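Here's the structure, in structure tokens; my notes come after.
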Amino acid sequence: MFSLESLTTLVQDWLNKTFPPTWALLIEFVIVGILAIALFAALGLVLVIMERKVAAWIQIRLGPNRVGPLGILQSTADTIKLIMKEGLTPDGADKFLFNLAPFIVMIVSMLILAPIGFAKGFHIWDINIGVLYVSAISSVSVIGILMAGWASNNKYSLLGAMRSGAQMVSYELSVGLSVLSIIVLTGSLNINDIVLSQQNGWWLFKAHIPAIISFVIFIIAITAETNRAPFDLSEAESELTAGFHTEYSGMKFALFFLSEYINIFIVCAIGATLFLGGWMPFHIGNWESFNHIMDYIPSFIWFFGKTFFMIFLIMWFRWTFPRLRVDQLLNLEWKYLLPISMVNLIVMTLVAIKGWHF
Amino acid sequence: MFIVDYVKDVYGAMKSLLVGMNRTGYYFTHHKEIITEEYPDNRETLLLPERFRGEVVMTHDENNEHACTGCSACELACPNGTIKIINKFDISPEGKKKKAIDTFVYHLELCTMCGLCVEACPTAAINMANTFEHSVFNRGQLTKRLNKPDSKLKAGVE
């Protein structure tokens with residue numbers, strides 16, 4: 001069976017045989033960096049065209065259909081256009097922070113990629129605190145957004161950035177608590193261990209109603225954390241023009257745009273890992289023959305399938321629900337999501353201690 | 001009871017969100033009926049409605065004659081100054097001065113295609129064409145002269 005694990009070990013063995021160990025490590029860094037950037041570029045193109053097509057189909061339209069077959073090259077054409085545009089820095093802006101902000105947002109998205117398991121034995125960095133690392137790093141991106149809003153020297157940008165800050169800081173709690181409710185069951189923060197603990201079924205099905213509640217809370221909170229509709233107050237185009245990236249143009253704008261989609265991919269990958277078993281194929285208890293058939297589908301197809309299912313759910317939200325007001329947004333978090341997820345965490349702990357899950 | 005209201009709130013919210021998602025999910029999975037029109041690439045078989053309003057044109061017959069007397073009713077009717085009529089005075093054989101049109105200036109870049117000039121015209125000299133691709137590279141190309149060179153007023157139109 002085809003597996004990416006054998007490929008990586010092959011490359012590593014060859015490098016270690018040909019070069020001294022330090023050089024082999026450095027070359028591996030470079031390869032991983034190139035692969036990460038390639039994944040980002042490919043994901044940006046695919047997710048943008050997917051978003052536009054999903055939006056069109058939900059609104060009974062056709063969507064982009066001019067560039068390439070069925071319009072699939074539309075996002076490529078848009079990217080080429082953005083690369084060729086001038087990256088303007090306004091006169092009144094804080095030039096250093098203004099130019100730094102898009103890179104901070106982008107680097108944060110890149111860093112979160114490290115512990116994610118893409119396939120069986122295929123991850124950049126297998127650390128024992130993977131989930132903690134992700135939740136710690138993802139809070140840094142709010143700094144990039146605040147920086148962009150402040151440095152633009154524009155009232156709309158600053159308002160958008162402040163809203164975004166309030167929103168991300170409060171919704172981080174719900175994400176953390178709903179992630180924690182799965183950690184309670186697995187007893188490990190290592191992403192590989194979490195995936196392996198779903199050998200006989202995904203946590204969404206194994207842990208009954210508490211898991212479903214925490215899945216719903218998780219998906220609402222990550223929608224808010226990635227600043228997407230219905231929680232896109234920070235860029236609310238009808239009131240704040242474009243929020244924190246009003247003043248950005250050309251490739252610097254494209255970096256913000258890209259990092260939004262990369263963040264969606266990453267949070268959906270985390271969600272898929274925690275609730276839907278990551279790269280683990282669909283297994284039911286101890287039905288050996290059924291599980292064996294499912295194993296024939298390569299693990300990276302399972303991972304990307306689940307992740308794109310989650311991404312589709314989030315896109316479905318975006319094109320269905322109207323935007324919240326800022327007070328409604330904070331009400332939802334502090335009066336509903338946070339208390340419910342706290343109670344849910346206690347119930348989940350009870351389930352884990354009593355062993356009521358499968 | 002506070003807690004009962006709270007649970008009812010959450011239940012009602014989830015229910016209404018699911019109703020909305022059901023509706024949009026139905027649209028997503030039933031991708032047959034499309035409510036938008038595609039861009040008309042089929043130029044040969046394209047049938048535009050009779051009352052479609054493209055740009056304003058002046059009709060000329062085979063003798064290069066038009067029906068415009070230069071009364072400037074269209075210029076007065078135009079809400080945003082799209083039309084400018086420049087008149088000249090022809091000297092008839094009997095030595096009488098007669099008002100005639102020199103240039104019918106039409107600014108396509110200002111036109112909103114409302115068709116009020118066509119309605120105002122007493123001699124039905126102008127009408128709306130069926131063209132719809134008006135983009136050009138130079139703004140000067142949008143200022144048009146509607147009466148053809150050397151054209152003259154049709155006999156019998158006053």
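Naming works like this for the structure tokens: A, B, ... for the chains as they're shown, residue 1 at the start of each chain, ligands 1 onward in shown order.
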
Would you give me, as a Markdown table, each residue of chain B having an atom within 10 Å of an atom of chain A, along with its shortest atom pair and that distance in Å to one decimal, using only C-alpha atoms and sorting by chain and residue number?
| residue | atom | partner | partner_atom | distance |
| --- | --- | --- | --- | --- |
| B:Tyr6 | CA | A:Tyr336 | CA | 8.6 |
| B:Val7 | CA | A:Tyr336 | CA | 9.9 |
| B:Asp9 | CA | A:Tyr336 | CA | 9.5 |
| B:Val10 | CA | A:Tyr336 | CA | 7.9 |
| B:Leu17 | CA | A:Phe321 | CA | 7.6 |
| B:Leu18 | CA | A:Thr320 | CA | 9.9 |
| B:Gly20 | CA | A:Thr320 | CA | 6.4 |
| B:Met21 | CA | A:Thr320 | CA | 6.2 |
| B:Asn22 | CA | A:Thr320 | CA | 9.4 |
| B:Arg23 | CA | A:Thr320 | CA | 8.5 |
| B:Thr24 | CA | A:Ile58 | CA | 5.6 |
| B:Gly25 | CA | A:Ile58 | CA | 7.0 |
| B:Tyr26 | CA | A:Ile58 | CA | 8.2 |
| B:Tyr27 | CA | A:Ile58 | CA | 5.3 |
| B:Phe28 | CA | A:Ile58 | CA | 4.6 |
| B:Thr29 | CA | A:Trp57 | CA | 8.2 |
| B:His30 | CA | A:Trp57 | CA | 8.7 |
| B:His31 | CA | A:Trp57 | CA | 6.5 |
| B:Lys32 | CA | A:Ile60 | CA | 8.4 |
| B:Glu33 | CA | A:Ile60 | CA | 6.9 |
| B:Ile34 | CA | A:Ile60 | CA | 5.2 |
| B:Ile35 | CA | A:Ile60 | CA | 6.0 |
| B:Thr36 | CA | A:Arg61 | CA | 5.9 |
| B:Glu37 | CA | A:Arg61 | CA | 8.8 |
| B:Glu38 | CA | A:Leu62 | CA | 8.5 |

Dump C-alpha atoms for the selected residues as a compact mmCIF listing (two decimals), in the first residue's frame?
# COMPACT_ATOMS: atom_id res chain seq x y z
CA TYR B 6 -31.94 29.75 28.86
CA VAL B 7 -32.35 26.21 27.54
CA ASP B 9 -33.13 30.13 23.99
CA VAL B 10 -30.35 27.76 23.03
CA LEU B 17 -29.90 27.99 12.44
CA LEU B 18 -30.55 24.44 11.25
CA GLY B 20 -31.51 28.16 7.55
CA MET B 21 -28.79 25.65 6.79
CA ASN B 22 -31.38 23.20 5.52
CA ARG B 23 -32.63 25.83 3.06
CA THR B 24 -29.19 26.72 1.71
CA GLY B 25 -28.16 23.08 1.70
CA TYR B 26 -31.18 22.35 -0.47
CA TYR B 27 -30.07 25.02 -2.93
CA PHE B 28 -26.52 23.64 -2.91
CA THR B 29 -27.59 20.09 -3.67
CA HIS B 30 -30.25 21.03 -6.25
CA HIS B 31 -27.98 22.79 -8.70
CA LYS B 32 -30.38 22.84 -11.64
CA GLU B 33 -32.32 26.06 -11.57
CA ILE B 34 -29.99 29.06 -12.08
CA ILE B 35 -31.48 32.48 -11.40
CA THR B 36 -28.76 34.48 -13.15
CA GLU B 37 -28.26 35.00 -16.88
CA GLU B 38 -25.00 34.09 -18.58

Please, which residues of range 11-105 of chain A, numbered as in this document, come out alpha helix (DSSP H) from DSSP, as a ChimeraX atom specification? /A:11-18,21-58,74-84,95-105

Considering only C-alpha atoms, state which residue in the set A:His357, A:Phe244, A:Ser174, A:Leu111 is at the smallest distance from Gly33 in chain A.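 Nearest to Gly33 in chain A: A:Leu111.
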
Residue with the minimum atom-to-atom distance to Asn154 in chain A, picked from A:Val343, A:Ala242, A:Leu25, A:Val267 with only C-alpha atoms counted, is A:Ala242

Write out as a list in words the residues lying within 12 Å of Ile346 in chain A, counting only C-alpha atoms and excluding same-chain residues fewer than 4 positions away. Leu177, Ser178, Leu180, Ser181, Ile182, Val184, Leu185, Pro210, Ala211, Ser214, Pro339, Ile340, Ser341, Met342, Leu350, Val351, Ala352 and Ile353 of chain A

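Interatomic distance, CA of Leu76 in chain B to CA of Cys117 in chain B: 8.3 Å.
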
Would you mind listing what lies within 8 Å of Gly117 in chain A as an NGL selection string, with only C-alpha atoms counted and same-chain residues fewer than 6 positions away left out? :A and (123-124 or 191-192 or 278-279)

With distances taken over only C-alpha atoms, which residue among B:Gly54, B:Gly156, B:Pro40, B:Pro149 lies nearest Val118 in chain B?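 Among the listed residues, B:Gly54 lies closest to Val118 in chain B.
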
For Asp327 in chain A, which residue out of A:Thr246, A:Thr186, A:Thr241, A:Gln167 is the nearest one, using only C-alpha atoms?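 Among the listed residues, the smallest separation from Asp327 in chain A belongs to A:Gln167.
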